[in-house]
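J.: Take a look at model-v5.cif, mmCIF, C-alpha atoms and all ligand atoms:
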```cif
data_structure
#
loop_
_atom_site.group_PDB
_atom_site.id
_atom_site.type_symbol
_atom_site.label_atom_id
_atom_site.label_comp_id
_atom_site.auth_asym_id
_atom_site.auth_seq_id
_atom_site.Cartn_x
_atom_site.Cartn_y
_atom_site.Cartn_z
ATOM 1 C CA MET F 43 0.000 0.000 0.000
ATOM 2 C CA ASN F 44 1.400 3.361 -1.082
ATOM 3 C CA ARG F 45 0.885 5.602 1.972
ATOM 4 C CA ALA F 46 1.216 8.842 0.023
ATOM 5 C CA ALA F 47 -1.475 7.707 -2.424
ATOM 6 C CA LEU F 48 -3.700 6.616 0.463
ATOM 7 C CA GLU F 49 -3.277 9.981 2.202
ATOM 8 C CA SER F 50 -4.005 11.769 -1.054
ATOM 9 C CA VAL F 51 -7.236 9.829 -1.682
ATOM 10 C CA ILE F 52 -8.395 10.352 1.902
ATOM 11 C CA GLN F 53 -7.592 14.066 1.848
ATOM 12 C CA GLY F 54 -9.314 14.539 -1.517
ATOM 13 C CA SER F 55 -12.368 12.664 -0.314
ATOM 14 C CA VAL F 56 -12.477 14.528 3.016
ATOM 15 C CA ASP F 57 -12.226 17.849 1.154
ATOM 16 C CA ARG F 58 -15.030 16.892 -1.231
ATOM 17 C CA HIS F 59 -17.367 15.824 1.541
ATOM 18 C CA ARG F 60 -16.433 18.379 4.182
ATOM 19 C CA GLY F 61 -19.464 19.932 5.818
ATOM 20 C CA LYS F 62 -21.840 17.223 4.583
ATOM 21 C CA PRO F 63 -23.540 14.994 7.138
ATOM 22 C CA GLY F 64 -22.018 11.563 7.724
ATOM 23 C CA PRO F 65 -19.041 11.768 5.375
ATOM 24 C CA LEU F 66 -17.435 8.579 6.687
ATOM 25 C CA LEU F 67 -19.569 6.201 4.600
ATOM 26 C CA VAL F 68 -18.975 8.172 1.430
ATOM 27 C CA ILE F 69 -15.246 8.294 2.050
ATOM 28 C CA LEU F 70 -15.116 4.553 2.759
ATOM 29 C CA HIS F 71 -16.886 3.967 -0.555
ATOM 30 C CA ASP F 72 -14.306 6.200 -2.259
ATOM 31 C CA LEU F 73 -11.487 4.131 -0.770
ATOM 32 C CA GLN F 74 -13.095 0.864 -1.747
ATOM 33 C CA ALA F 75 -13.699 2.148 -5.283
ATOM 34 C CA GLN F 76 -10.028 3.075 -5.528
ATOM 35 C CA TRP F 77 -8.478 -0.103 -4.083
ATOM 36 C CA GLY F 78 -11.243 -2.666 -3.983
ATOM 37 C CA TYR F 79 -11.071 -2.706 -0.166
ATOM 38 C CA VAL F 80 -10.491 -0.428 2.821
ATOM 39 C CA PRO F 81 -6.875 -0.848 3.890
ATOM 40 C CA ASP F 82 -6.065 -1.005 7.617
ATOM 41 C CA GLU F 83 -3.706 1.920 7.205
ATOM 42 C CA ALA F 84 -6.690 4.132 6.346
ATOM 43 C CA VAL F 85 -8.249 3.827 9.808
ATOM 44 C CA PRO F 86 -5.898 6.128 11.780
ATOM 45 C CA LEU F 87 -5.812 8.607 8.908
ATOM 46 C CA LEU F 88 -9.608 8.730 8.768
ATOM 47 C CA ALA F 89 -9.861 8.989 12.557
ATOM 48 C CA GLU F 90 -7.611 12.023 12.519
ATOM 49 C CA ALA F 91 -9.233 13.661 9.496
ATOM 50 C CA LEU F 92 -12.791 13.216 10.801
ATOM 51 C CA THR F 93 -12.094 13.603 14.534
ATOM 52 C CA LEU F 94 -13.415 10.125 15.284
ATOM 53 C CA THR F 95 -11.921 7.268 17.275
ATOM 54 C CA ARG F 96 -10.378 4.288 15.523
ATOM 55 C CA ALA F 97 -13.000 2.103 17.213
ATOM 56 C CA GLU F 98 -15.762 4.179 15.627
ATOM 57 C CA ILE F 99 -14.203 3.751 12.186
ATOM 58 C CA HIS F 100 -13.750 -0.014 12.697
ATOM 59 C CA GLY F 101 -17.340 -0.233 13.915
ATOM 60 C CA VAL F 102 -18.714 1.291 10.721
ATOM 61 C CA ILE F 103 -16.495 -0.835 8.474
ATOM 62 C CA SER F 104 -17.516 -4.064 10.182
ATOM 63 C CA PHE F 105 -21.216 -3.134 10.340
ATOM 64 C CA TYR F 106 -21.594 -2.751 6.563
ATOM 65 C CA HIS F 107 -20.865 -5.977 4.722
ATOM 66 C CA ASP F 108 -20.178 -4.018 1.537
ATOM 67 C CA PHE F 109 -16.788 -3.001 2.876
ATOM 68 C CA ARG F 110 -13.885 -5.361 2.466
ATOM 69 C CA THR F 111 -10.774 -5.105 4.630
ATOM 70 C CA THR F 112 -8.656 -7.371 2.465
ATOM 71 C CA PRO F 113 -8.077 -7.287 -1.287
ATOM 72 C CA GLY F 114 -10.744 -9.129 -3.271
ATOM 73 C CA GLY F 115 -10.244 -11.464 -6.200
ATOM 74 C CA ARG F 116 -9.634 -10.372 -9.755
ATOM 75 C CA HIS F 117 -13.330 -10.840 -10.568
ATOM 76 C CA GLN F 118 -16.332 -9.910 -8.450
ATOM 77 C CA VAL F 119 -19.284 -12.292 -8.661
ATOM 78 C CA GLN F 120 -22.559 -11.261 -7.048
ATOM 79 C CA VAL F 121 -25.505 -13.649 -6.852
ATOM 80 C CA CYS F 122 -28.943 -12.160 -6.225
ATOM 81 C CA ARG F 123 -30.532 -13.561 -3.067
ATOM 82 C CA ALA F 124 -33.716 -11.502 -3.174
ATOM 83 C CA GLU F 125 -37.164 -13.068 -3.350
ATOM 84 C CA ALA F 126 -37.913 -12.898 -7.092
ATOM 85 C CA CYS F 127 -34.652 -14.590 -7.987
ATOM 86 C CA GLN F 128 -35.002 -17.177 -5.238
ATOM 87 C CA ALA F 129 -38.438 -18.078 -6.660
ATOM 88 C CA GLN F 130 -36.809 -18.706 -10.052
ATOM 89 C CA GLY F 131 -34.090 -21.102 -8.947
ATOM 90 C CA GLY F 132 -31.811 -18.750 -7.040
ATOM 91 C CA ARG F 133 -31.255 -21.125 -4.135
ATOM 92 C CA GLN F 134 -29.962 -23.875 -6.419
ATOM 93 C CA LEU F 135 -27.773 -21.339 -8.188
ATOM 94 C CA GLU F 136 -26.324 -20.100 -4.881
ATOM 95 C CA ALA F 137 -25.525 -23.636 -3.805
ATOM 96 C CA ALA F 138 -23.890 -24.426 -7.151
ATOM 97 C CA VAL F 139 -21.700 -21.320 -7.040
ATOM 98 C CA ARG F 140 -20.518 -21.859 -3.473
ATOM 99 C CA GLU F 141 -19.861 -25.532 -4.053
ATOM 100 C CA HIS F 142 -18.063 -24.974 -7.381
ATOM 101 C CA LEU F 143 -15.780 -22.301 -5.943
ATOM 102 C CA GLY F 144 -15.425 -24.041 -2.575
ATOM 103 C CA ILE F 145 -16.015 -20.778 -0.709
ATOM 104 C CA ASP F 146 -18.738 -18.976 1.200
ATOM 105 C CA TRP F 147 -20.108 -15.452 0.830
ATOM 106 C CA HIS F 148 -17.535 -12.643 1.068
ATOM 107 C CA ASP F 149 -14.672 -15.082 0.420
ATOM 108 C CA THR F 150 -12.211 -15.289 -2.451
ATOM 109 C CA SER F 151 -11.359 -18.470 -4.355
ATOM 110 C CA ALA F 152 -8.025 -20.066 -3.509
ATOM 111 C CA ASP F 153 -6.543 -18.970 -6.843
ATOM 112 C CA GLY F 154 -7.429 -15.337 -6.076
ATOM 113 C CA MET F 155 -9.554 -15.051 -9.203
ATOM 114 C CA VAL F 156 -13.116 -14.767 -7.863
ATOM 115 C CA THR F 157 -14.688 -13.021 -4.872
ATOM 116 C CA LEU F 158 -18.255 -14.083 -4.117
ATOM 117 C CA GLU F 159 -20.763 -11.607 -2.692
ATOM 118 C CA PRO F 160 -24.514 -11.771 -2.115
ATOM 119 C CA VAL F 161 -26.671 -8.974 -3.491
ATOM 120 C CA TYR F 162 -30.317 -8.172 -2.885
ATOM 121 C CA CYS F 163 -31.752 -7.257 -6.295
ATOM 122 C CA LEU F 164 -29.898 -6.294 -9.424
ATOM 123 C CA GLY F 165 -32.953 -4.774 -11.107
ATOM 124 C CA ASN F 166 -33.245 -7.846 -13.324
ATOM 125 C CA CYS F 167 -36.053 -9.581 -11.428
ATOM 126 C CA ALA F 168 -38.130 -10.706 -14.425
ATOM 127 C CA THR F 169 -35.278 -12.776 -15.781
ATOM 128 C CA GLY F 170 -33.950 -14.316 -12.600
ATOM 129 C CA PRO F 171 -31.989 -15.821 -11.214
ATOM 130 C CA ALA F 172 -29.640 -12.938 -11.822
ATOM 131 C CA VAL F 173 -25.931 -12.531 -11.237
ATOM 132 C CA ARG F 174 -23.430 -9.766 -11.795
ATOM 133 C CA ILE F 175 -19.957 -10.650 -12.970
ATOM 134 C CA ASP F 176 -17.811 -7.553 -12.681
ATOM 135 C CA ASP F 177 -19.851 -4.995 -14.691
ATOM 136 C CA ALA F 178 -22.088 -7.446 -16.567
ATOM 137 C CA ILE F 179 -25.553 -8.422 -15.319
ATOM 138 C CA LEU F 180 -26.780 -11.790 -16.531
ATOM 139 C CA GLY F 181 -30.270 -13.270 -16.349
ATOM 140 C CA ARG F 182 -31.765 -16.762 -16.318
ATOM 141 C CA VAL F 183 -28.488 -18.208 -15.098
ATOM 142 C CA THR F 184 -28.690 -21.950 -14.537
ATOM 143 C CA PRO F 185 -26.243 -23.821 -12.290
ATOM 144 C CA ASP F 186 -24.635 -25.447 -15.350
ATOM 145 C CA ARG F 187 -24.210 -22.121 -17.137
ATOM 146 C CA MET F 188 -22.773 -20.595 -13.977
ATOM 147 C CA ARG F 189 -20.215 -23.369 -13.590
ATOM 148 C CA THR F 190 -19.069 -22.750 -17.164
ATOM 149 C CA LEU F 191 -18.861 -18.991 -16.540
ATOM 150 C CA LEU F 192 -16.846 -19.541 -13.362
ATOM 151 C CA ASP F 193 -14.476 -21.890 -15.159
ATOM 152 C CA ASP F 194 -13.987 -19.219 -17.827
ATOM 153 C CA LEU F 195 -13.350 -16.558 -15.180
ATOM 154 C CA GLN F 196 -10.713 -18.695 -13.550
ATOM 155 C CA ARG F 197 -8.937 -18.954 -16.901
ATOM 156 C CA GLU F 198 -7.490 -15.705 -18.160
ATOM 157 C CA PRO F 199 -8.323 -13.686 -20.129
ATOM 158 C CA VAL F 200 -12.119 -13.450 -20.451
ATOM 159 C CA ASN F 201 -14.153 -10.793 -22.220
ATOM 160 C CA ILE F 202 -16.848 -9.967 -19.670
ATOM 161 C CA SER F 203 -18.562 -7.438 -21.944
ATOM 162 C CA GLY F 204 -19.558 -10.276 -24.238
ATOM 163 C CA LEU F 205 -21.563 -11.926 -21.457
ATOM 164 C CA MET F 206 -24.387 -9.357 -21.263
ATOM 165 C CA THR F 207 -27.542 -11.145 -22.377
ATOM 166 C CA GLU F 208 -30.419 -9.270 -20.793
ATOM 167 C CA ALA F 209 -31.093 -5.576 -20.395
ATOM 168 C CA PRO F 210 -31.620 -4.924 -16.665
ATOM 169 C CA HIS F 211 -35.176 -4.127 -15.735
ATOM 170 C CA GLY F 212 -37.339 -4.534 -12.661
HETATM 171 S S1 LIG F 301 -34.785 -10.036 -7.180
HETATM 172 FE FE1 LIG F 301 -32.990 -10.686 -8.196
HETATM 173 S S2 LIG F 301 -32.684 -9.114 -9.653
HETATM 174 FE FE2 LIG F 301 -34.369 -8.402 -8.503
#
```
I'd like the structure from this file rewritten - as structure tokens, please.

T.:
Amino acid sequence: MNRAALESVIQGSVDRHRGKPGPLLVILHDLQAQWGYVPDEAVPLLAEALTLTRAEIHGVISFYHDFRTTPGGRHQVQVCRAEACQAQGGRQLEAAVREHLGIDWHDTSADGMVTLEPVYCLGNCATGPAVRIDDAILGRVTPDRMRTLLDDLQREPVNISGLMTEAPHG
């Protein structure tokens, strides 16, 4: 972790959000967008910049499951666990993904290629079960199709943009 870059991102984010209510969440999102996780080194810097205790910062990071404290895998896979997708085979899809990767939610595959996260609606409810792979949202994903997609992800390179099959809608 480059400390100067970290300080620069934190200072820029603090400056942008100064005076707004509850800037910590926004700044944490900025950090995660920049690095894919919130590095430990950010906590004392944030505490000083926002006049909060380190415990308060840790408390917010651990409360929101969206924030990672370790680097994620090369690819982010989100499986929708909301009701409409579950009614269309989402539970079987979840089980297939976890079993195929050998990991649970919020974990990263042993090869470092895939991080698995739950999500609660991707706006693609009519064509569930839905998943997001990096920036692509896919619909009507069967366990077999998902296994093939995961195998492709774990082999480099893969063109994710070619995976988009359904326009997101509610
Ligand atoms: S419920 Fe899964 S995309 Fe909306």

J.: Find the residues of chain F that sit at most 8 Å from ligand LIG 301 (chain F); for each, write down the nearest two atoms and how far apart they are in Å, to one decimal. Count only C-alpha atoms and all ligand atoms. Sort by chain, then by number going up, and give it as a tab-separated table.

T.:
```
residue	atom	partner	partner_atom	distance
F:Cys122	CA	F:LIG301	FE1	4.7
F:Arg123	CA	F:LIG301	FE1	6.4
F:Ala124	CA	F:LIG301	S1	4.4
F:Glu125	CA	F:LIG301	S1	5.4
F:Ala126	CA	F:LIG301	S1	4.2
F:Cys127	CA	F:LIG301	FE1	4.2
F:Gln128	CA	F:LIG301	S1	7.4
F:Tyr162	CA	F:LIG301	FE1	6.5
F:Cys163	CA	F:LIG301	FE2	3.6
F:Leu164	CA	F:LIG301	S2	4.0
F:Gly165	CA	F:LIG301	S2	4.6
F:Asn166	CA	F:LIG301	S2	3.9
F:Cys167	CA	F:LIG301	FE2	3.6
F:Ala168	CA	F:LIG301	FE2	7.4
F:Thr169	CA	F:LIG301	S2	7.6
F:Gly170	CA	F:LIG301	FE1	5.8
F:Pro171	CA	F:LIG301	FE1	6.0
F:Ala172	CA	F:LIG301	S2	5.3
F:Val173	CA	F:LIG301	S2	7.7
F:Gly212	CA	F:LIG301	FE2	6.4
```

J.: Taking the file as I've supplied it (selection: the PyMOL selection byres (((chain F and resi 134-148) around 9) and not hetatm)), which residues are included? Please answer as an NGL selection string.

T.: :F and (107 or 110 or 114 or 121-123 or 128 or 131-133 or 149-152 or 156-160 or 171 or 183-186 or 188-189 or 192)

J.: If we count only C-alpha atoms and set the cut-off at 10 Å, which residues sit around stretch 77-80 of chain F, ignoring sequence neighbours fewer than 2 positions away in its own chain? Please answer as a PyMOL selection string.

T.: chain F and resi 43+48+69-75+82-85+103+108-116+118

J.: Quote the spacing between atom CA of F:Ile52 and atom CA of F:Gly64 in Å to one decimal place.

T.: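 Result for atom CA of F:Ile52 versus atom CA of F:Gly64: 14.9 Å, one decimal.
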
J.: Using all atoms of stretch 175-191 of chain F listed in the file and a margin of 3 Å per side, can you give the axis-aligned box centre and edge lengths in Å to one decimal, as JSON?

T.:
```
{"center_x": -24.8, "center_y": -15.2, "center_z": -14.7, "size_x": 20.0, "size_y": 26.5, "size_z": 10.9}
```

J.: Could you state the separation of atom CA of F:Leu94 and atom CA of F:Ala46 in Å, given to one decimal place?

T.: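 These atoms are spaced 21.2 Å apart.
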
J.: Pick the closest to F:Asp194 from F:Ile175, F:Arg96, F:Pro65, F:Asn44: which is it, counting only C-alpha atoms?

T.: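 Selected residue with least distance to F:Asp194: F:Ile175.
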
J.: Pick out the closest residue to F:Ser55 from this set: F:Ala97, F:Val102, F:Val68, F:Val161. Count all atoms listed in the file.

T.: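 With all atoms listed in the file as the atom set, the closest residue is F:Val68.
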
J.: To one decimal in Å, tell me the separation between atom CA of F:Leu191 and atom CA of F:Gln130.

T.: 19.1 Å

J.: Counting all atoms listed in the file, what is within 9 Å of F:Gln196, bar same-chain residues fewer than 6 positions away, as a PyMOL selection string?

T.: chain F and resi 117+153-156

J.: Nearest to F:Val119 among F:Asp177, F:Gln76, F:Arg182, F:Arg58, with distances taken over all atoms listed in the file: which residue is it?

T.: F:Asp177

J.: Would you pull stretch 146-204 of chain F out of the block just shown and save C-alpha atoms as a PDB file, in the first residue's frame?

T.:
```
ATOM      1  CA  ASP F 146     -18.738 -18.976   1.200  1.00  0.00           C
ATOM      2  CA  TRP F 147     -20.108 -15.452   0.830  1.00  0.00           C
ATOM      3  CA  HIS F 148     -17.535 -12.643   1.068  1.00  0.00           C
ATOM      4  CA  ASP F 149     -14.672 -15.082   0.420  1.00  0.00           C
ATOM      5  CA  THR F 150     -12.211 -15.289  -2.451  1.00  0.00           C
ATOM      6  CA  SER F 151     -11.359 -18.470  -4.355  1.00  0.00           C
ATOM      7  CA  ALA F 152      -8.025 -20.066  -3.509  1.00  0.00           C
ATOM      8  CA  ASP F 153      -6.543 -18.970  -6.843  1.00  0.00           C
ATOM      9  CA  GLY F 154      -7.429 -15.337  -6.076  1.00  0.00           C
ATOM     10  CA  MET F 155      -9.554 -15.051  -9.203  1.00  0.00           C
ATOM     11  CA  VAL F 156     -13.116 -14.767  -7.863  1.00  0.00           C
ATOM     12  CA  THR F 157     -14.688 -13.021  -4.872  1.00  0.00           C
ATOM     13  CA  LEU F 158     -18.255 -14.083  -4.117  1.00  0.00           C
ATOM     14  CA  GLU F 159     -20.763 -11.607  -2.692  1.00  0.00           C
ATOM     15  CA  PRO F 160     -24.514 -11.771  -2.115  1.00  0.00           C
ATOM     16  CA  VAL F 161     -26.671  -8.974  -3.491  1.00  0.00           C
ATOM     17  CA  TYR F 162     -30.317  -8.172  -2.885  1.00  0.00           C
ATOM     18  CA  CYS F 163     -31.752  -7.257  -6.295  1.00  0.00           C
ATOM     19  CA  LEU F 164     -29.898  -6.294  -9.424  1.00  0.00           C
ATOM     20  CA  GLY F 165     -32.953  -4.774 -11.107  1.00  0.00           C
ATOM     21  CA  ASN F 166     -33.245  -7.846 -13.324  1.00  0.00           C
ATOM     22  CA  CYS F 167     -36.053  -9.581 -11.428  1.00  0.00           C
ATOM     23  CA  ALA F 168     -38.130 -10.706 -14.425  1.00  0.00           C
ATOM     24  CA  THR F 169     -35.278 -12.776 -15.781  1.00  0.00           C
ATOM     25  CA  GLY F 170     -33.950 -14.316 -12.600  1.00  0.00           C
ATOM     26  CA  PRO F 171     -31.989 -15.821 -11.214  1.00  0.00           C
ATOM     27  CA  ALA F 172     -29.640 -12.938 -11.822  1.00  0.00           C
ATOM     28  CA  VAL F 173     -25.931 -12.531 -11.237  1.00  0.00           C
ATOM     29  CA  ARG F 174     -23.430  -9.766 -11.795  1.00  0.00           C
ATOM     30  CA  ILE F 175     -19.957 -10.650 -12.970  1.00  0.00           C
ATOM     31  CA  ASP F 176     -17.811  -7.553 -12.681  1.00  0.00           C
ATOM     32  CA  ASP F 177     -19.851  -4.995 -14.691  1.00  0.00           C
ATOM     33  CA  ALA F 178     -22.088  -7.446 -16.567  1.00  0.00           C
ATOM     34  CA  ILE F 179     -25.553  -8.422 -15.319  1.00  0.00           C
ATOM     35  CA  LEU F 180     -26.780 -11.790 -16.531  1.00  0.00           C
ATOM     36  CA  GLY F 181     -30.270 -13.270 -16.349  1.00  0.00           C
ATOM     37  CA  ARG F 182     -31.765 -16.762 -16.318  1.00  0.00           C
ATOM     38  CA  VAL F 183     -28.488 -18.208 -15.098  1.00  0.00           C
ATOM     39  CA  THR F 184     -28.690 -21.950 -14.537  1.00  0.00           C
ATOM     40  CA  PRO F 185     -26.243 -23.821 -12.290  1.00  0.00           C
ATOM     41  CA  ASP F 186     -24.635 -25.447 -15.350  1.00  0.00           C
ATOM     42  CA  ARG F 187     -24.210 -22.121 -17.137  1.00  0.00           C
ATOM     43  CA  MET F 188     -22.773 -20.595 -13.977  1.00  0.00           C
ATOM     44  CA  ARG F 189     -20.215 -23.369 -13.590  1.00  0.00           C
ATOM     45  CA  THR F 190     -19.069 -22.750 -17.164  1.00  0.00           C
ATOM     46  CA  LEU F 191     -18.861 -18.991 -16.540  1.00  0.00           C
ATOM     47  CA  LEU F 192     -16.846 -19.541 -13.362  1.00  0.00           C
ATOM     48  CA  ASP F 193     -14.476 -21.890 -15.159  1.00  0.00           C
ATOM     49  CA  ASP F 194     -13.987 -19.219 -17.827  1.00  0.00           C
ATOM     50  CA  LEU F 195     -13.350 -16.558 -15.180  1.00  0.00           C
ATOM     51  CA  GLN F 196     -10.713 -18.695 -13.550  1.00  0.00           C
ATOM     52  CA  ARG F 197      -8.937 -18.954 -16.901  1.00  0.00           C
ATOM     53  CA  GLU F 198      -7.490 -15.705 -18.160  1.00  0.00           C
ATOM     54  CA  PRO F 199      -8.323 -13.686 -20.129  1.00  0.00           C
ATOM     55  CA  VAL F 200     -12.119 -13.450 -20.451  1.00  0.00           C
ATOM     56  CA  ASN F 201     -14.153 -10.793 -22.220  1.00  0.00           C
ATOM     57  CA  ILE F 202     -16.848  -9.967 -19.670  1.00  0.00           C
ATOM     58  CA  SER F 203     -18.562  -7.438 -21.944  1.00  0.00           C
ATOM     59  CA  GLY F 204     -19.558 -10.276 -24.238  1.00  0.00           C
TER      60      GLY F 204
END
```
